[in-house]
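Trainee: Have a look at this one before I ask anything.
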Amino acid sequence: MNFPCLRSSAFLFASLLGTTFSLFPPAIIIPEASAAQADTSDATLERVVLVSRHGIRSPTKPLDKLEKKTRHTWTPWPVPPGEMTAHGQFDLGLMGQFLKSYYHIASRDSSARCLPAQPAFIWADSASSRTQHSGDILAAALSDGCQTQARSMPAITHDPLFNALAAQKTALDTNDVEKVLDPEPTSDTQLPPPVQSGIATLQALFAPNACTTGTSPCFSKHAPLSWKKGTPHAENGMALGSTVSEALLLEYAQGLPSSIPTANADAVQTLNSVLPVHNYQSARMRRTPAIAIPRGGKLAQAILTLLNEQPFPLPDGSVLPAQARVVMFAGHDTTLDMLTTLFGLDWTFTDQPDPTAPDTTLAFETWKHPDGRKEIRFAVFHQSLAQLREGLKLDNVAGQGAPMPLTSTLCNQPKNEICWLENLSQNVPQH
């Protein structure tokens with residue numbers, strides 16, 4: 001499937017939909033049940049807060065740097081480093097349209113005119129063009145094309161909602177971080193078996209003898225922790241293995257020829273083998289509480305405020321519209337990672353080895369019971385490897401796009417049957 005360059009979210013939306021959709025009431029209606037919990041209670045859905053990752057992008061670092069570290073030639077990309085591709089834009093539009101359909105978000109009247117008050121509100125991270133563009137695509141998809149731009153801070157501005165550290169609204173305790181991250185485990189017996197296997201696969205693919213000859217890349221070599229602008233970094237060893245395994249996944253999702261010819265025989269099997277390295281390193285560097293809580297605390301509090309249906313002041317000084325029943329934050333995989341820690345969530349997929357792959361969207365739902373108490377339900381939406389690679393539409397069927405219900409470890413309810421807002425609010429860490 002070829003994806004020509006799509007320059008605007010409106011054009012992208014037209015290419016996905018072709019025509020406008022029939023009228024729905026300007027409210028949230030769930031087709032059969034909540035994304036996160038199917039039951040016959042009298043609770044009604046009041047608000048949905050969504051947090052998404054941007055679409056498929058090229059590696060964030062120039063390929064010549066990756067080639068220098070891996071001593072391997074990588075397949076060229078059609079876009080500069082870190083930019084979303086036309087293929088990625090198309091796939092993200094499919095996710096946005098499925099979310100609109102799933103929650104029955106409406107934004108047109110019977111004359112197909114744009115309503116003055118949009119039921120969905122999209123706020124995008126301003127730190128990169130890929131997140132701002134993702135916000136525009138999602139705005140168009142969720143509004144039937146009535147909105148062509150998401151709201152955000154000025155371009156190349158660090159938004160404290162997505163990264164309070166980069167926005168210099170807080171700082172890490174270096175001692176707490178280093179106690180967890182340095183030294184990293186180097187013995188095979190200290191690593192989970194899937195990670196051990198993933199490192200072995202990467203080594204066999206790129207440099208079978210590097211670790212024994214003292215050359216590079218050696219993916220099991222200890223990578224010393226360094227600090228840049230107040231945040232921890234690691235570049236070699238397992239950190240490089242994480243970068244490489246994600247690059248292979250992005251290549252596959254984009255539909256590019258694999259940079260590793262020997263991996264073409266069974267690309268999916270190779271990805272399933274090596275992605276645990278990326279997932280393990282991401283968990284260490286992003287989900288560690290000493291990092292995730294300071295970095296994501298402001299977004300977590302914003303989500304709690306919105307779930308409680310209270311006015312929320314945005315970073316630009318404006319107030320999020322009260323009539324917005326669906327609120328979308330367009331961010332990064334790092335955004336999803338830090339929220340898993342703050343809200344006691346976790347998930348894996350059987351058809352997608354990266355739990356925070358492009359377009360993955362986390363949902364928080366507020367359900368109001370007849371007695372006024374508010375229940376919070378969680379779910380995650382994703383696209384399989386095949387859906388990302390082939391640009392396949394999602395459907396509300398298991399294995400084709402139906403969301404995965406999640407439970408939070410913070411709710412402390414028997415069998416996690418009900419997560420009351422007051423319990424969740426008390427247990428989400430603050431910084």
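Every chain in the structure tokens has a letter given in the order shown (A, B, ...), and although residue numbers restart at 1 in each chain, ligands are simply numbered from 1 in the order shown.
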Env of segment 303-306 of chain A: 12 Å cut, atoms = only C-alpha atoms, seq-sep filter 3 positions within chain, self excluded. Answer as an NGL selection string.
Mentor: :A and (46-51 or 121 or 161-162 or 296-300 or 309-314 or 319-329 or 339 or 342-343 or 362-366 or 374-376 or 420-430)
Trainee: Using DSSP secondary structure from the backbone, list all alpha helix (DSSP H) positions within segment 111-324 of chain A, as JSON, numbers by chain.
Mentor: {"A": [129, 130, 131, 132, 133, 134, 135, 136, 137, 138, 139, 140, 141, 142, 174, 175, 176, 177, 178, 179, 180, 181, 193, 194, 195, 196, 197, 198, 199, 200, 201, 202, 203, 204, 205, 206, 210, 211, 212, 213, 238, 239, 240, 241, 242, 243, 244, 245, 246, 247, 248, 249, 250, 251, 252, 253, 254, 267, 268, 269, 270, 271, 272, 273, 274, 275, 276, 277, 278, 279, 280, 281, 282, 289, 290, 291, 292, 293, 294, 295, 296, 297, 298, 299, 300, 301, 302, 303, 304, 305, 306, 307]}
Trainee: Which residues are close to Lys169 of chain A, i.e. within 12 Å by only C-alpha atoms, leaving aside same-chain residues fewer than 2 positions away? Reply as number ranges by chain.
Mentor: A: 158-167, 171-172, 230, 294-298, 315, 431
Trainee: Just write the chosen residues, N, CA and C atoms, as a CSV table (one decimal), in the first residue's frame.
Mentor:
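And here is the file that came out, selection-v3.csv:
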chain,number,residue,atom,x,y,z
A,158,HIS,N,8.4,23.4,25.6
A,158,HIS,CA,8.3,22.2,26.5
A,158,HIS,C,7.0,22.4,27.3
A,159,ASP,N,6.1,21.6,27.1
A,159,ASP,CA,4.8,21.6,27.8
A,159,ASP,C,4.9,20.8,29.1
A,160,PRO,N,4.6,21.5,30.3
A,160,PRO,CA,4.7,20.7,31.5
A,160,PRO,C,3.8,19.6,31.7
A,161,LEU,N,2.7,19.5,30.9
A,161,LEU,CA,1.8,18.4,31.0
A,161,LEU,C,2.5,17.1,30.5
A,162,PHE,N,3.3,17.3,29.5
A,162,PHE,CA,3.9,16.1,28.8
A,162,PHE,C,5.3,15.8,29.4
A,163,ASN,N,5.9,16.8,29.9
A,163,ASN,CA,7.3,16.6,30.5
A,163,ASN,C,7.6,17.8,31.4
A,164,ALA,N,7.3,17.6,32.7
A,164,ALA,CA,7.5,18.7,33.6
A,164,ALA,C,9.0,18.9,33.9
A,165,LEU,N,9.8,17.9,33.6
A,165,LEU,CA,11.2,18.0,33.7
A,165,LEU,C,11.8,18.9,32.7
A,166,ALA,N,11.5,18.7,31.4
A,166,ALA,CA,12.0,19.5,30.3
A,166,ALA,C,11.5,20.9,30.4
A,167,ALA,N,10.2,21.1,31.0
A,167,ALA,CA,9.7,22.4,31.1
A,167,ALA,C,10.2,23.1,32.4
A,171,ALA,N,12.3,18.8,39.3
A,171,ALA,CA,13.6,18.2,39.0
A,171,ALA,C,13.7,16.8,39.7
A,172,LEU,N,14.6,16.0,39.2
A,172,LEU,CA,14.8,14.7,39.7
A,172,LEU,C,15.7,14.7,40.9
A,230,GLY,N,19.6,17.4,33.3
A,230,GLY,CA,18.9,17.0,34.5
A,230,GLY,C,18.1,15.7,34.4
A,294,PRO,N,7.9,12.6,39.0
A,294,PRO,CA,8.1,14.0,38.7
A,294,PRO,C,7.8,14.5,37.3
A,295,ARG,N,8.1,13.6,36.4
A,295,ARG,CA,7.9,14.0,35.0
A,295,ARG,C,6.5,14.1,34.6
A,296,GLY,N,5.6,13.1,35.1
A,296,GLY,CA,4.3,13.0,34.7
A,296,GLY,C,3.2,13.5,35.7
A,297,GLY,N,3.7,14.0,36.8
A,297,GLY,CA,2.7,14.3,37.9
A,297,GLY,C,1.7,15.3,37.5
A,298,LYS,N,2.1,16.3,36.7
A,298,LYS,CA,1.1,17.4,36.3
A,298,LYS,C,0.1,16.8,35.4
A,315,PRO,N,-2.0,24.9,30.0
A,315,PRO,CA,-0.7,25.6,30.2
A,315,PRO,C,-0.6,27.0,29.5
A,431,HIS,N,3.8,15.0,43.2
A,431,HIS,CA,5.1,15.5,43.3
A,431,HIS,C,5.1,17.0,43.4
Trainee: Find the residues around segment 209-212 of chain A up to 12 Å (only C-alpha atoms counted), leave out those fewer than 2 positions away in its own chain, and share them as a PyMOL selection string.
Mentor: chain A and resi 70-71+199-200+202-207+214-222+237
Trainee: Please produce an output containing C-alpha atoms for each residue in the selection, written as a PDB file, in the first residue's frame.
Mentor:
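Result written to part_7.pdb:
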ATOM      1  CA  THR A  70      25.901  -0.632  14.997  1.00  0.00           C
ATOM      2  CA  ARG A  71      28.454  -0.855  12.180  1.00  0.00           C
ATOM      3  CA  ILE A 199      19.872  -9.596  23.439  1.00  0.00           C
ATOM      4  CA  ALA A 200      21.169 -12.872  22.005  1.00  0.00           C
ATOM      5  CA  LEU A 202      20.296  -8.847  18.340  1.00  0.00           C
ATOM      6  CA  GLN A 203      23.889  -9.950  18.830  1.00  0.00           C
ATOM      7  CA  ALA A 204      23.511 -12.759  16.306  1.00  0.00           C
ATOM      8  CA  LEU A 205      21.927 -10.410  13.763  1.00  0.00           C
ATOM      9  CA  PHE A 206      24.392  -7.536  14.027  1.00  0.00           C
ATOM     10  CA  ALA A 207      27.731  -8.716  15.405  1.00  0.00           C
ATOM     11  CA  GLY A 214      35.881  -6.536  22.661  1.00  0.00           C
ATOM     12  CA  THR A 215      34.455  -4.706  19.656  1.00  0.00           C
ATOM     13  CA  SER A 216      31.063  -3.095  19.150  1.00  0.00           C
ATOM     14  CA  PRO A 217      28.182  -3.352  19.189  1.00  0.00           C
ATOM     15  CA  CYS A 218      27.968  -5.559  22.268  1.00  0.00           C
ATOM     16  CA  PHE A 219      24.379  -5.353  23.492  1.00  0.00           C
ATOM     17  CA  SER A 220      25.104  -7.015  26.835  1.00  0.00           C
ATOM     18  CA  LYS A 221      27.913  -4.609  27.719  1.00  0.00           C
ATOM     19  CA  HIS A 222      27.362  -2.345  30.722  1.00  0.00           C
ATOM     20  CA  GLY A 237      24.865  -1.904  25.618  1.00  0.00           C
TER      21      GLY A 237
END
Trainee: For Leu249 of chain A, please output as an MDAnalysis selection string all residues within 12 Å (counting only C-alpha atoms; exclusion window: fewer than 6 positions along the same chain).
Mentor: chainID A and resid 56:59 242:243 255:260 263 267:276 278 352:354 356:358 384:386 388:389
Trainee: Include N, CA and C atoms and write out the residues we just selected as a compact mmCIF listing (two decimals), in the first residue's frame.
Mentor:
# COMPACT_ATOMS: atom_id res chain seq x y z
N ILE A 56 3.51 6.55 13.20
CA ILE A 56 4.81 5.99 12.83
C ILE A 56 5.77 7.11 12.42
N ARG A 57 6.96 7.08 12.98
CA ARG A 57 7.99 8.07 12.67
C ARG A 57 9.28 7.36 12.29
N SER A 58 10.20 8.14 11.75
CA SER A 58 11.55 7.63 11.50
C SER A 58 12.33 7.66 12.80
N PRO A 59 13.46 6.94 12.90
CA PRO A 59 14.30 7.02 14.11
C PRO A 59 14.65 8.48 14.43
N SER A 242 17.89 -1.43 22.83
CA SER A 242 16.54 -0.89 22.86
C SER A 242 16.27 -0.03 21.64
N THR A 243 17.22 0.84 21.32
CA THR A 243 17.09 1.71 20.15
C THR A 243 17.00 0.90 18.86
N GLY A 255 6.69 -0.46 6.48
CA GLY A 255 6.71 -1.24 5.25
C GLY A 255 8.01 -1.15 4.50
N LEU A 256 9.09 -0.73 5.17
CA LEU A 256 10.40 -0.64 4.54
C LEU A 256 11.07 -2.01 4.48
N PRO A 257 11.98 -2.21 3.55
CA PRO A 257 12.79 -3.45 3.58
C PRO A 257 13.61 -3.50 4.86
N SER A 258 13.72 -4.66 5.45
CA SER A 258 14.45 -4.78 6.70
C SER A 258 15.93 -4.47 6.50
N SER A 259 16.50 -3.76 7.46
CA SER A 259 17.93 -3.47 7.42
C SER A 259 18.77 -4.71 7.68
N ILE A 260 18.14 -5.76 8.18
CA ILE A 260 18.83 -7.02 8.49
C ILE A 260 18.27 -8.09 7.57
N ALA A 263 16.78 -11.24 8.79
CA ALA A 263 15.54 -11.16 9.57
C ALA A 263 14.31 -11.22 8.69
N ALA A 267 10.07 -11.90 9.82
CA ALA A 267 10.24 -10.60 10.45
C ALA A 267 9.45 -10.49 11.75
N VAL A 268 8.23 -11.02 11.76
CA VAL A 268 7.40 -10.91 12.96
C VAL A 268 8.03 -11.69 14.11
N GLN A 269 8.54 -12.87 13.82
CA GLN A 269 9.21 -13.65 14.87
C GLN A 269 10.42 -12.90 15.41
N THR A 270 11.18 -12.28 14.51
CA THR A 270 12.34 -11.51 14.94
C THR A 270 11.93 -10.36 15.85
N LEU A 271 10.89 -9.64 15.47
CA LEU A 271 10.42 -8.52 16.29
C LEU A 271 9.93 -9.00 17.65
N ASN A 272 9.20 -10.09 17.66
CA ASN A 272 8.74 -10.63 18.94
C ASN A 272 9.90 -11.03 19.83
N SER A 273 11.02 -11.43 19.23
CA SER A 273 12.19 -11.83 20.01
C SER A 273 12.94 -10.63 20.56
N VAL A 274 13.13 -9.57 19.75
CA VAL A 274 14.01 -8.47 20.17
C VAL A 274 13.31 -7.35 20.93
N LEU A 275 11.98 -7.19 20.75
CA LEU A 275 11.30 -6.06 21.42
C LEU A 275 11.31 -6.13 22.94
N PRO A 276 11.40 -7.31 23.58
CA PRO A 276 11.52 -7.30 25.04
C PRO A 276 12.72 -6.49 25.53
N HIS A 278 13.76 -3.64 24.19
CA HIS A 278 13.25 -2.25 24.19
C HIS A 278 12.28 -2.02 25.36
N GLN A 352 1.10 -7.45 19.01
CA GLN A 352 1.93 -6.25 18.91
C GLN A 352 2.97 -6.31 20.03
N PRO A 353 4.26 -6.50 19.71
CA PRO A 353 5.26 -6.70 20.76
C PRO A 353 5.62 -5.43 21.54
N ASP A 354 5.24 -4.27 21.04
CA ASP A 354 5.52 -3.01 21.73
C ASP A 354 4.25 -2.51 22.39
N THR A 356 3.59 0.22 23.76
CA THR A 356 3.34 1.64 23.49
C THR A 356 3.70 1.96 22.04
N ALA A 357 3.33 1.08 21.13
CA ALA A 357 3.62 1.26 19.70
C ALA A 357 2.90 2.48 19.15
N PRO A 358 3.25 2.94 17.96
CA PRO A 358 2.56 4.08 17.37
C PRO A 358 1.04 3.96 17.43
N SER A 384 -2.53 -3.79 15.65
CA SER A 384 -1.61 -4.92 15.53
C SER A 384 -0.48 -4.56 14.56
N LEU A 385 0.55 -5.40 14.53
CA LEU A 385 1.62 -5.20 13.55
C LEU A 385 1.07 -5.18 12.13
N ALA A 386 0.15 -6.08 11.84
CA ALA A 386 -0.41 -6.16 10.49
C ALA A 386 -1.23 -4.91 10.18
N LEU A 388 -0.84 -1.87 11.39
CA LEU A 388 0.06 -0.76 11.17
C LEU A 388 0.75 -0.86 9.82
N ARG A 389 1.25 -2.04 9.49
CA ARG A 389 2.02 -2.20 8.26
C ARG A 389 1.15 -2.07 7.01
Trainee: What gap, in Å, lies between atom CA of Asp395 of chain A and atom CA of Phe90 of chain A?
Mentor: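 Atom CA of Asp395 of chain A sits 16.0 Å away from atom CA of Phe90 of chain A.
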Trainee: Please measure the separation of atom CA of Asp42 of chain A and atom CA of Phe378 of chain A, giving the value in Å to one decimal.
Mentor: 18.1 Å
